[in-house]
Structures are given as C-alpha cells and as structure tokens.
Amino acid sequence: MDFEDTPDEAAFRTKARAFLDANAERRKPGAVEGYRRGQDAPGAMERAKDFQRRKFDAGFVGFHWPTEWGGQGGTQIQNVIYNQEEAKYDVLTGLFGIGIGLAMPTICTWGTLEQRETFVQKTMRADYVWCQLFSEPGGGSDLAALRTRAEKDGDEWVVNGQKIWNSGAHYSDYGILVARSDPDAVKHAGLSFFILDMKAPGIEIRPIRQVSGSSHFNEVFFTNVRIPDSRRVGPVGAGWKVALTTLMNERHGMRDAPGPDFNELFSLARQVELEDGLAIDNAAVQEKLAEFYVRSQGLKFTKFRGMTALSRGQTPGPESSIIKVVAANKLQDILSYGLDLIGMAGPTMGDTMPVSGIFEEALLYSPALRLAGGTDEIMKNIIAERVLGLPQDPRVDKGVPWRDVPTGPRATGTKG
Amino acid sequence: MNFDFSDELKQLRDEARRFLTDRCPPAVPRRILESDEPYDRALWRSIAEMGWTGAAIPEAYGGVGLGRLAVCVIAEELGFHVAPVPFASSVYLATEAVLQYGSEAQKRAYLPKLATGELIGTFALAERAGTSDPRKLTATVNGGTLTTVKLAVPDGDVADFAVVAVNGGSGPWLYLADLHGPGVTKEVVTTIDPTRSHAKLSFTAAPADPLAAATGPESVRRLLDFAAVPMAFEQVGGAQAALEMGNAYAKERYAFGRPIGSFQGIKHKLSDMYIQVEMARSNAYYGAWAVHTEAAELPIAASVARISACEAGWFVTKENIQTHGGMGFTWQMDCHLYYRRAKQLALALGSAREWKLRLISELRNRNTEDLQAA
C-alpha cells in the first residue's frame, strides 16, 4: 500500500511535466482554480486554442484513446496523471471539455467512419469547439422528456424546438443534439442523436445570465433547422442509448469542484481576527476546520482508490460515484463558513479580499456544480439504484407513448 | 498508485468474513447482550487459534508477523460482525503498547501469551468525564506502586493486565499492572453496549511495571494514534453492516403498495449512508498506510481516520434504525447492536471532538503542502 507511481507511470509523469513546463505557466503558489475563471478574458479563446494545438502535436490529447480513434492507445491512469499535472498550470482547457470529453467518445462509439474522420482529429486540435444540446426547459433531470422535434424530410431532418443550459453554444462550431424523432413511441424509444452545425440557418442563441452575473450558457432555439441524415449518430430511435454514452462520460470523470478547499480556509483562519484572537486559535473554528479537512481527505483518498483500480487496468469501483456530490456540497459548506469568518467585511468581491476573493467568487458559481451533469438528487438516485440495488420509483410515464405523458402547467410548447 | 490492500490481505479479509459469518452471526453478540457472560470465550479461542491475536506480533515473540495491515482487515470484519471479544483492547492497545514501549524482557514475558490469546490486556486512561488528554491525568506511581481509579475500562473485568496511563512527569507515562495482583479491584459497570464488558478499575498501592520507553504525554497519544487506525476499520465494518441491513430492509418492506426503498426519501438516506461509509473507508486506508509505514504524518492520518469513522458510525447506525421505522426501535431487531457498538467505539479512544482539536494542532505544526499525497 503506497501512493507511488509505478516506474512506467513516473516516466509518463516526467514526460507530461516536460511538455507543460515548455508550453504553459505554472499556477502561482496559493492561486486557486475557480470555475471557468479567466474564460472571458480578452484573447482567452485564441490562447486556449494555441495551447490545445501544442498539446495535440505532443500527443497528449486523447492520449488514452484507442489508436483507431486517433489516440495513442494509452491507459486511463495516464490520462489521470496528465490531468493531475495539467491542473498545476495556468491553462484553459475547459473550452474543449465537451468536444474531447463527451462528443468524441460518443461519436467514436456510435458514429460512422465518415463522422469519425470528419470530426475527431479537427476537434482534438481545437479546430472545432463543441456544445451539448440535451437539456430543455421541460427536460432536465428527466432528460428523456425532451420535446425538441426532429422530423424526417427526404435525406434531411428538420428540427424545431428549444434547448437550455448550453455552455459555450455562442462560440461553438458544432453541437451534439438529442431530439424527438417519434412522439408516438414511449419516451425513451422516440429519440435520435445528431451532430448539428451551429452555423446552420434557423439557430438562435440567447445567453442566460447566471447568478454570478456572467453568461457561460445559453438558450438555443431551432426554427426549421435542417440536418443531413449523414449527421445522425446511431440508429433512428436509439438516441437515448447514444446519449447515455455521453452522460456516462460526463459523470464518470471523478470530477472535483474547483474553488476554495481546506487549505484556503486554513489560510483564512490564520488571517482573520475573532473576538478572542485569531480564528485558528478558537476551538469551535478548529472543530469545523477538522471536519472540512476530513471531508477533503476522504474525497482525495476515494479518488486514489479509483486511480489504483485504473493503475491496475481495472474499472474504478462504485465508490467513485460519490465524488461529484460530495465535492460540490463540501465546496458550498467551505465557502459559506469562510465568508462567515470574514464576517461583515465578507460581501466585498475582488482580489483585495483575504485569499484573493475566492470565497466570494465561489459563492456565486457554486450552485451550478450541484446541478450540472446530474443534480445531487439524480446522483443519489443513481447511487441508490445502481450501487445499492434499490428499486426505481414507480413511473407514470412507463410504457405510455410520449405524446400522452402528463406535463405540468410550466411546460412550454406543444407535443405536436 | 497502489492505494489498496494486497491480494494476500484481501484473501485474509475474505477468510475472516467467512469465519465470522459462520461463527459470529448477530445471535452471538445478542447472547452476550442478554446474559452475564462478559465475552464469547469460545470465539476468542478460535480467533487466537487462527493467529489473529498474534497478527501484528513478530514471529520472534510467538506471533505470526503479518503486520498492522493484517490487523486492519481483521478489525473491519470484527466490526461488521459486532464480535463480542476483547480484541481491540488486547490487540490494538495492550499488544501495541508492549511492542512500542516494552523492554526486551517485557516483550518476552507478554507478547507470546498475547499472541496465543492466553493473556488478555487492556488500556486504562480515563479518570473523569470530559477530556482524555493525558496531560490532565492525576494518576501517579510512587515507589513502584500505583494508586488511581480508572473509569469505564473496556474489558477491564476480563483482562489479565492493563496498560495504565499516568501523569509520569519526566518518567514513564505508561505502566503494566497485573489485574489479578494485590491492590486491584474491578467493578463491572453497565454501559451503553453490554456486548463489550467494561469495568471501573481501582488501584491502591498496586505494583506497576514501567514501560520505560513511554516518555512524555506524547507517548500516550502515539499509542492512541496506532490504535485509532484498526479501530477506524472496526467502525467502518460496523457501519457497512448497518448500511447493508438498512438496504436489505428497504427492499423487503412495503408501504403504500411499494418497497420503501423506492421512495426517494429512503433512497437518498441510504445513498448518504453509503457516501459516509465510503468516505470513512477511504480515510481509514490513509490511516492504514500511515501505521504500516510508521509515517511522520501518522498523528494526522490517525485523526482523519478516527474522526471520519466516528461520524460514519453514528450517522449510519442511527439512520439504519430510522429506515426500519418503529421495528428498528425494538429489542428484537438487531439495529441496536450496531447503534450501541458504534457509540461505544466512538468513545473508547476519546471522542471525535478531541481528535478534531488534535488534528488541527498537528496540521498547524507542519506545512500542509509537505504532506504526502498532496
């Protein structure tokens, strides 16, 4: 039992570090990674694309993919090691997460050879940026309830409807779209999966202003948008199964929540003066700090257990399914407690605040982390059903044509 | 990355589980709960015959020399089965104290008999309600004899000797006291968990043999650190059993025409229980790594493992009762076996509150960025 890399892993880590040292700036000590921090800065997209191209040329994009996908045939653990190292540098790779992390694995798993040849390499080298067009106003956690229609017209599909929460749709070249191709089928069976050219006529993109004030995601409206049948991924009616491949890739990333963690809170407690001296000398504060440290470590070592499985060429155990829900909740609890310690001075934003304002910043973006990629509640259902084997809720939409499934007063559009 | 037990240790864990599933179903701790029997003697003998009591004792002293990781995997299974035996007292504490601080002669005298289970040891620390900080102890040894009262000593009534913590000043802080010797009285006390007997031990000018290497209060803390890790595994084992019990019930019990486990109120509760168990297990692994390598950060790793295990044990065992509804509060259901044991274990080495303060004090003493696995 140890934390050491195997000799092969250590050699790979050295290689990754050498590439990063030559092509990126190391994050400053004490600097904290925020959520999408820096993505709006002028020139950010060009810098991000430039780095991505070098990463591609060095063979680190999709390193763990099979060679027939255009990868290096590396292992999952090498991918994890590369990401661990990359996280120590000031690079923006989040812009390519949907394309590389979600769209390509889905297209490579389900798509045609022609689709693979058209999209994979260009996506790997940042020529194409992707967005995900899944959720709708009436289909979030219940994704399969989605209403956007795709109707066959000769060799094309005509798409009408609306998507929501589409990160980066405003700068994306392509989108992966799930739409309803058969409203008379039961709801999971009437869906199909498409690759959509975001520059096609009939697409309107409206930014959504978030709690944080910035606009990373959008609503996307479709009016008679035409998609060639050659851009359909997987069989007609198999859209749900194809989308599950995307969702599995989204949820199985062992994702942590960026933002203030124990170290930042610890540092804050050493700076802030309370009634009886420094916060760090207060027993009540110490107990809270200890609880956060334990949660932080629990997450870290749960990830290490997953990495150990990967290192042995195995699939991580079910314990990896807890990471997202634990991380996002821990983040909110830590930032709220940090702000409480800062006290009346807490509301001020900006890097003049203790720990460069990360607590204030995280307050406003943290809710997203408990929602995106599966809400806490959906994640807990998944743990309950897939890990603990508990039965599904009885469902009124089972075996019923989608057209006849009840919808509430907040539903928009028709079931035409 | 190799953050897992070896195949050999996993095999040992499987053997332990098979053995205890057969020999220690819930009816066994229940029998101890409902009788005056302090522990299951036959089970203790079998455990000793399998070499578990000597797992961490080197072969030179009559043990099987499997090391502390073996104790961790065994501990998890003992916890899972709520085993009514003085294993924690004798192995994690008394044996560890002699291994750490004993003279060659003491090791030769005690370890071979501890290994065979012929000798049962325990650890006596608490003198009053409140803190168990060794610096607050009042017990002292004068002229080789000990006078003090130690409260709620686990297995104090059945142990043959106790490792007694005293305020040793510049001398030793731990002594070996023969509990069959002169000047010792044992008074069995009723506790929240009668499946593990406890006694108040009174020493009046009782002969005491110093563990000479145990200098300063830190030596007592260090013993607690070493014990906290297998204890965390025992706690995780108990929490796992309570989770499985609640989960099984949620699938079988119907209300409103459907299994209660199909209601999200119950599903999310069981998911939360699972999350707590896995977080505690991951943290216990960290502790296992630290005791195995005797890492400098052991005080941190042990505290993390301990706090996490106490939190999981409490949460999961109380929510198992809640999942069972009114049935969970009956004597007849086994829920209370896990609930009692979880709190007993959570108090036995000092409560999580104290470990939290200790953890932060340790973290302040070092630069967190230097920590292993940062």
# chains A, B, ... in the order shown; residues from 1 in each chain; ligands from 1

$ residues_around --residues "Ala212 (chain B)" --least-positions-apart "2" --cutoff "6 Å" --atoms "only C-alpha atoms" --output "list in words"
Pro172, Pro210 and Ala214 of chain B

$ write_last_selection --atoms "N, CA, C and O atoms" --output "CSV table (one decimal), in the first residue's frame"
chain,number,residue,atom,x,y,z
B,172,PRO,N,8.3,7.5,32.9
B,172,PRO,CA,7.4,6.8,32.0
B,172,PRO,C,5.9,7.2,32.3
B,172,PRO,O,5.6,7.5,33.4
B,210,PRO,N,7.0,-0.3,34.9
B,210,PRO,CA,7.0,0.8,33.8
B,210,PRO,C,7.3,0.3,32.4
B,210,PRO,O,8.2,-0.6,32.2
B,214,ALA,N,8.1,4.7,27.3
B,214,ALA,CA,7.0,5.6,27.1
B,214,ALA,C,7.1,6.9,27.8
B,214,ALA,O,6.6,7.1,28.9

$ interface_residues --of "chain A" --to "chain B" --cutoff "7 Å" --atoms "only C-alpha atoms" --output "CSV table (one decimal) with C-alpha atoms, in the first residue's frame"
chain,number,residue,atom,x,y,z
A,1,MET,CA,0.0,0.0,0.0
A,2,ASP,CA,1.6,3.2,-1.2
A,3,PHE,CA,1.0,6.4,-3.2
A,4,GLU,CA,3.8,5.9,-5.6
A,5,ASP,CA,3.7,5.8,-9.4
A,6,THR,CA,4.8,2.6,-11.0
A,286,GLN,CA,-10.8,24.3,14.9
A,287,GLU,CA,-13.6,21.7,15.1
A,290,ALA,CA,-11.1,19.5,11.2
A,294,VAL,CA,-11.6,15.1,6.9
A,297,GLN,CA,-9.1,13.9,2.6
A,298,GLY,CA,-12.0,11.5,2.2
A,299,LEU,CA,-12.5,12.7,-1.3
A,301,PHE,CA,-8.4,9.1,-1.0
A,302,THR,CA,-11.6,8.0,-2.6
A,304,PHE,CA,-6.9,7.5,-5.1
A,305,ARG,CA,-8.8,4.3,-4.7
A,307,MET,CA,-6.8,5.7,-9.5
A,308,THR,CA,-5.5,2.5,-8.0
A,311,SER,CA,-3.5,1.8,-12.4
A,319,GLU,CA,-17.2,4.4,-4.6
A,322,ILE,CA,-19.8,9.7,-4.7
A,380,LYS,CA,-28.2,9.9,-5.2
A,381,ASN,CA,-30.9,8.1,-7.2
A,383,ILE,CA,-26.1,5.5,-6.2
A,384,ALA,CA,-29.3,4.0,-4.7
A,390,LEU,CA,-32.9,-0.3,-4.7
A,391,PRO,CA,-36.0,-0.3,-6.9
A,392,GLN,CA,-36.9,2.5,-9.3
A,393,ASP,CA,-39.7,4.8,-8.4

$ residues_around --residues "region 24-29 of chain B" --least-positions-apart "6" --cutoff "12 Å" --atoms "only C-alpha atoms" --output "PyMOL selection string"
chain B and resi 16-18+35+37-44+46-47+77-85+193-197+238+241-242+245+332-338+340-341

$ write_last_selection --atoms "N, CA and C atoms" --output "compact mmCIF listing (two decimals), in the first residue's frame"
# COMPACT_ATOMS: atom_id res chain seq x y z
N ALA B 16 -11.61 -14.12 7.02
CA ALA B 16 -12.16 -13.62 8.29
C ALA B 16 -13.67 -13.46 8.17
N ARG B 17 -14.10 -12.96 7.02
CA ARG B 17 -15.54 -12.75 6.83
C ARG B 17 -16.28 -14.10 6.84
N ARG B 18 -15.72 -15.08 6.12
CA ARG B 18 -16.36 -16.40 6.08
C ARG B 18 -16.44 -17.01 7.47
N SER B 35 -27.02 -11.91 28.47
CA SER B 35 -26.57 -12.79 29.56
C SER B 35 -25.51 -12.07 30.39
N GLU B 37 -22.55 -13.29 30.63
CA GLU B 37 -21.28 -13.67 30.02
C GLU B 37 -20.57 -12.42 29.52
N PRO B 38 -19.33 -12.16 29.94
CA PRO B 38 -18.70 -10.89 29.53
C PRO B 38 -18.25 -10.87 28.07
N TYR B 39 -17.87 -12.04 27.56
CA TYR B 39 -17.48 -12.10 26.15
C TYR B 39 -17.59 -13.55 25.70
N ASP B 40 -17.49 -13.78 24.38
CA ASP B 40 -17.63 -15.14 23.88
C ASP B 40 -16.27 -15.84 23.94
N ARG B 41 -16.10 -16.66 24.97
CA ARG B 41 -14.79 -17.30 25.21
C ARG B 41 -14.40 -18.26 24.10
N ALA B 42 -15.38 -19.00 23.61
CA ALA B 42 -15.07 -19.98 22.55
C ALA B 42 -14.64 -19.26 21.28
N LEU B 43 -15.33 -18.16 20.99
CA LEU B 43 -14.98 -17.38 19.80
C LEU B 43 -13.57 -16.80 19.95
N TRP B 44 -13.28 -16.32 21.15
CA TRP B 44 -11.95 -15.76 21.42
C TRP B 44 -10.87 -16.81 21.19
N SER B 46 -11.02 -19.43 19.26
CA SER B 46 -10.90 -19.72 17.82
C SER B 46 -10.13 -18.62 17.10
N ILE B 47 -10.42 -17.40 17.49
CA ILE B 47 -9.74 -16.26 16.87
C ILE B 47 -8.24 -16.35 17.14
N GLU B 77 -13.69 -6.82 9.78
CA GLU B 77 -14.64 -7.94 9.86
C GLU B 77 -15.20 -8.12 11.26
N LEU B 78 -14.37 -7.89 12.28
CA LEU B 78 -14.88 -7.98 13.65
C LEU B 78 -15.96 -6.92 13.88
N GLY B 79 -15.72 -5.73 13.30
CA GLY B 79 -16.72 -4.66 13.41
C GLY B 79 -18.00 -5.02 12.70
N PHE B 80 -17.85 -5.59 11.51
CA PHE B 80 -19.02 -5.97 10.71
C PHE B 80 -19.90 -6.95 11.50
N HIS B 81 -19.23 -7.84 12.23
CA HIS B 81 -19.98 -8.88 12.95
C HIS B 81 -20.23 -8.56 14.42
N VAL B 82 -19.94 -7.31 14.82
CA VAL B 82 -20.16 -6.87 16.22
C VAL B 82 -19.61 -7.92 17.18
N ALA B 83 -18.42 -8.40 16.89
CA ALA B 83 -17.87 -9.53 17.65
C ALA B 83 -17.71 -9.18 19.13
N PRO B 84 -18.26 -10.00 20.02
CA PRO B 84 -18.15 -9.73 21.45
C PRO B 84 -16.89 -10.34 22.05
N VAL B 85 -15.75 -9.77 21.68
CA VAL B 85 -14.45 -10.27 22.16
C VAL B 85 -13.55 -9.07 22.49
N ASP B 193 -23.24 -0.42 25.76
CA ASP B 193 -23.04 -1.60 24.92
C ASP B 193 -22.56 -2.80 25.72
N PRO B 194 -23.51 -3.52 26.30
CA PRO B 194 -23.13 -4.67 27.13
C PRO B 194 -22.52 -5.83 26.33
N THR B 195 -22.44 -5.72 24.99
CA THR B 195 -21.77 -6.79 24.25
C THR B 195 -20.26 -6.68 24.41
N ARG B 196 -19.82 -5.59 24.99
CA ARG B 196 -18.41 -5.44 25.35
C ARG B 196 -18.38 -5.01 26.82
N SER B 197 -17.90 -5.88 27.70
CA SER B 197 -17.97 -5.57 29.11
C SER B 197 -16.96 -4.49 29.48
N GLY B 238 -18.63 -1.98 11.10
CA GLY B 238 -19.95 -1.90 11.73
C GLY B 238 -20.90 -1.04 10.91
N ALA B 241 -22.10 -2.92 7.91
CA ALA B 241 -23.13 -3.90 8.26
C ALA B 241 -24.49 -3.22 8.45
N ALA B 242 -24.47 -2.05 9.10
CA ALA B 242 -25.73 -1.33 9.33
C ALA B 242 -26.30 -0.82 8.01
N MET B 245 -27.85 -3.76 6.32
CA MET B 245 -29.09 -4.15 6.99
C MET B 245 -30.23 -3.21 6.57
N GLN B 332 -36.03 -6.78 19.62
CA GLN B 332 -35.96 -7.96 18.77
C GLN B 332 -35.11 -7.74 17.52
N MET B 333 -35.19 -6.55 16.90
CA MET B 333 -34.39 -6.27 15.71
C MET B 333 -32.93 -6.02 16.13
N ASP B 334 -32.03 -6.28 15.20
CA ASP B 334 -30.61 -6.16 15.55
C ASP B 334 -30.05 -4.75 15.39
N CYS B 335 -30.90 -3.81 14.96
CA CYS B 335 -30.38 -2.44 14.70
C CYS B 335 -29.59 -1.89 15.88
N HIS B 336 -30.11 -2.18 17.10
CA HIS B 336 -29.47 -1.55 18.26
C HIS B 336 -28.09 -2.13 18.56
N LEU B 337 -27.82 -3.34 18.06
CA LEU B 337 -26.48 -3.90 18.27
C LEU B 337 -25.42 -2.99 17.63
N TYR B 338 -25.73 -2.55 16.39
CA TYR B 338 -24.79 -1.69 15.66
C TYR B 338 -24.73 -0.29 16.26
N ARG B 340 -25.41 0.67 19.41
CA ARG B 340 -24.68 0.68 20.68
C ARG B 340 -23.19 0.61 20.44
N ARG B 341 -22.81 -0.35 19.59
CA ARG B 341 -21.39 -0.59 19.39
C ARG B 341 -20.72 0.63 18.75

$ residues_around --residues "Arg209 (chain A)" --least-positions-apart "2" --cutoff "12 Å" --atoms "only C-alpha atoms" --output "list in words"
Trp165, Ser167, Arg206, Pro207, Val211, Ser212, Gly213, Ser214, Ser215, His216, Phe217, Asn218, Glu219 and Tyr365 of chain A

$ select_by_dssp --residues "region 55-304 of chain B" --states "strand (DSSP E or B)" --output "PyMOL selection string"
chain B and resi 121-124+140-142+145-154+161-165+172+174-178+184-189+198-207+209-210+215+254-255+258-259

$ residues_around --residues "Ala103 (chain A)" --least-positions-apart "4" --cutoff "12 Å" --atoms "only C-alpha atoms" --output "JSON, numbers by chain"
{"A": [96, 97, 98, 99, 107, 108, 109, 110, 111, 115, 116, 119, 120, 123, 124, 128, 129, 130, 131, 132, 133, 134, 174, 175, 176, 177, 193, 194, 195, 196, 233, 242, 243, 244, 245, 246, 247, 248, 249, 250]}

$ closest_residue --among "A:Thr118, A:Ala200, A:Val325, A:Glu151" --to "Leu371 (chain A)" --atoms "only C-alpha atoms"
A:Val325

$ select_by_dssp --residues "region 122-278 of chain B" --states "alpha helix (DSSP H)" --output "JSON, numbers by chain"
{"B": [217, 218, 219, 220, 221, 222, 223, 224, 225, 226, 227, 228, 229, 230, 231, 232, 233, 234, 235, 236, 237, 238, 239, 240, 241, 242, 243, 244, 245, 246, 247, 248, 249, 250, 251, 252, 264, 265, 266, 267, 268, 269, 270, 271, 272, 273, 274, 275, 276, 277, 278]}

$ write_last_selection --atoms "C-alpha atoms" --output "tab-separated table (two decimals), in the first residue's frame"
chain	number	residue	atom	x	y	z
B	217	PRO	CA	2.30	12.52	27.25
B	218	GLU	CA	3.06	12.20	23.55
B	219	SER	CA	3.86	8.53	24.09
B	220	VAL	CA	0.26	8.01	25.25
B	221	ARG	CA	-1.04	9.95	22.24
B	222	ARG	CA	1.12	7.87	19.95
B	223	LEU	CA	-0.35	4.66	21.33
B	224	LEU	CA	-3.83	6.09	20.72
B	225	ASP	CA	-2.81	7.02	17.16
B	226	PHE	CA	-1.73	3.47	16.44
B	227	ALA	CA	-4.93	2.08	17.97
B	228	ALA	CA	-7.19	4.58	16.20
B	229	VAL	CA	-6.46	3.08	12.80
B	230	PRO	CA	-7.59	-0.54	13.32
B	231	MET	CA	-10.38	0.93	15.43
B	232	ALA	CA	-11.45	3.01	12.43
B	233	PHE	CA	-11.60	-0.18	10.37
B	234	GLU	CA	-13.70	-1.83	13.07
B	235	GLN	CA	-16.04	1.19	12.98
B	236	VAL	CA	-16.23	1.13	9.19
B	237	GLY	CA	-17.06	-2.58	9.33
B	238	GLY	CA	-19.95	-1.90	11.73
B	239	ALA	CA	-21.20	0.97	9.58
B	240	GLN	CA	-21.06	-1.25	6.49
B	241	ALA	CA	-23.13	-3.90	8.26
B	242	ALA	CA	-25.73	-1.33	9.33
B	243	LEU	CA	-25.87	0.04	5.79
B	244	GLU	CA	-26.43	-3.45	4.38
B	245	MET	CA	-29.09	-4.15	6.99
B	246	GLY	CA	-30.97	-0.93	6.21
B	247	ASN	CA	-30.63	-1.52	2.49
B	248	ALA	CA	-31.98	-5.06	2.69
B	249	TYR	CA	-34.94	-3.93	4.77
B	250	ALA	CA	-35.76	-1.09	2.36
B	251	LYS	CA	-36.11	-3.66	-0.43
B	252	GLU	CA	-38.33	-6.04	1.53
B	264	GLN	CA	-36.63	8.92	-2.68
B	265	GLY	CA	-36.77	9.86	0.99
B	266	ILE	CA	-35.34	6.43	1.78
B	267	LYS	CA	-33.17	6.15	-1.34
B	268	HIS	CA	-31.39	9.39	-0.64
B	269	LYS	CA	-30.94	8.46	3.00
B	270	LEU	CA	-29.31	5.17	2.01
B	271	SER	CA	-27.16	6.97	-0.56
B	272	ASP	CA	-26.00	9.34	2.16
B	273	MET	CA	-25.19	6.33	4.36
B	274	TYR	CA	-23.20	4.78	1.53
B	275	ILE	CA	-21.32	8.04	0.97
B	276	GLN	CA	-20.40	8.24	4.66
B	277	VAL	CA	-19.17	4.65	4.73
B	278	GLU	CA	-17.02	5.07	1.62

$ residues_around --residues "Ala189 (chain A)" --least-positions-apart "3" --cutoff "6 Å" --atoms "only C-alpha atoms" --output "PyMOL selection string"
chain A and resi 185-186+237

$ closest_residue --among "A:Ala169, A:Ala279, A:Val178, A:Met45" --to "Lys241 (chain A)" --atoms "only C-alpha atoms"
A:Val178
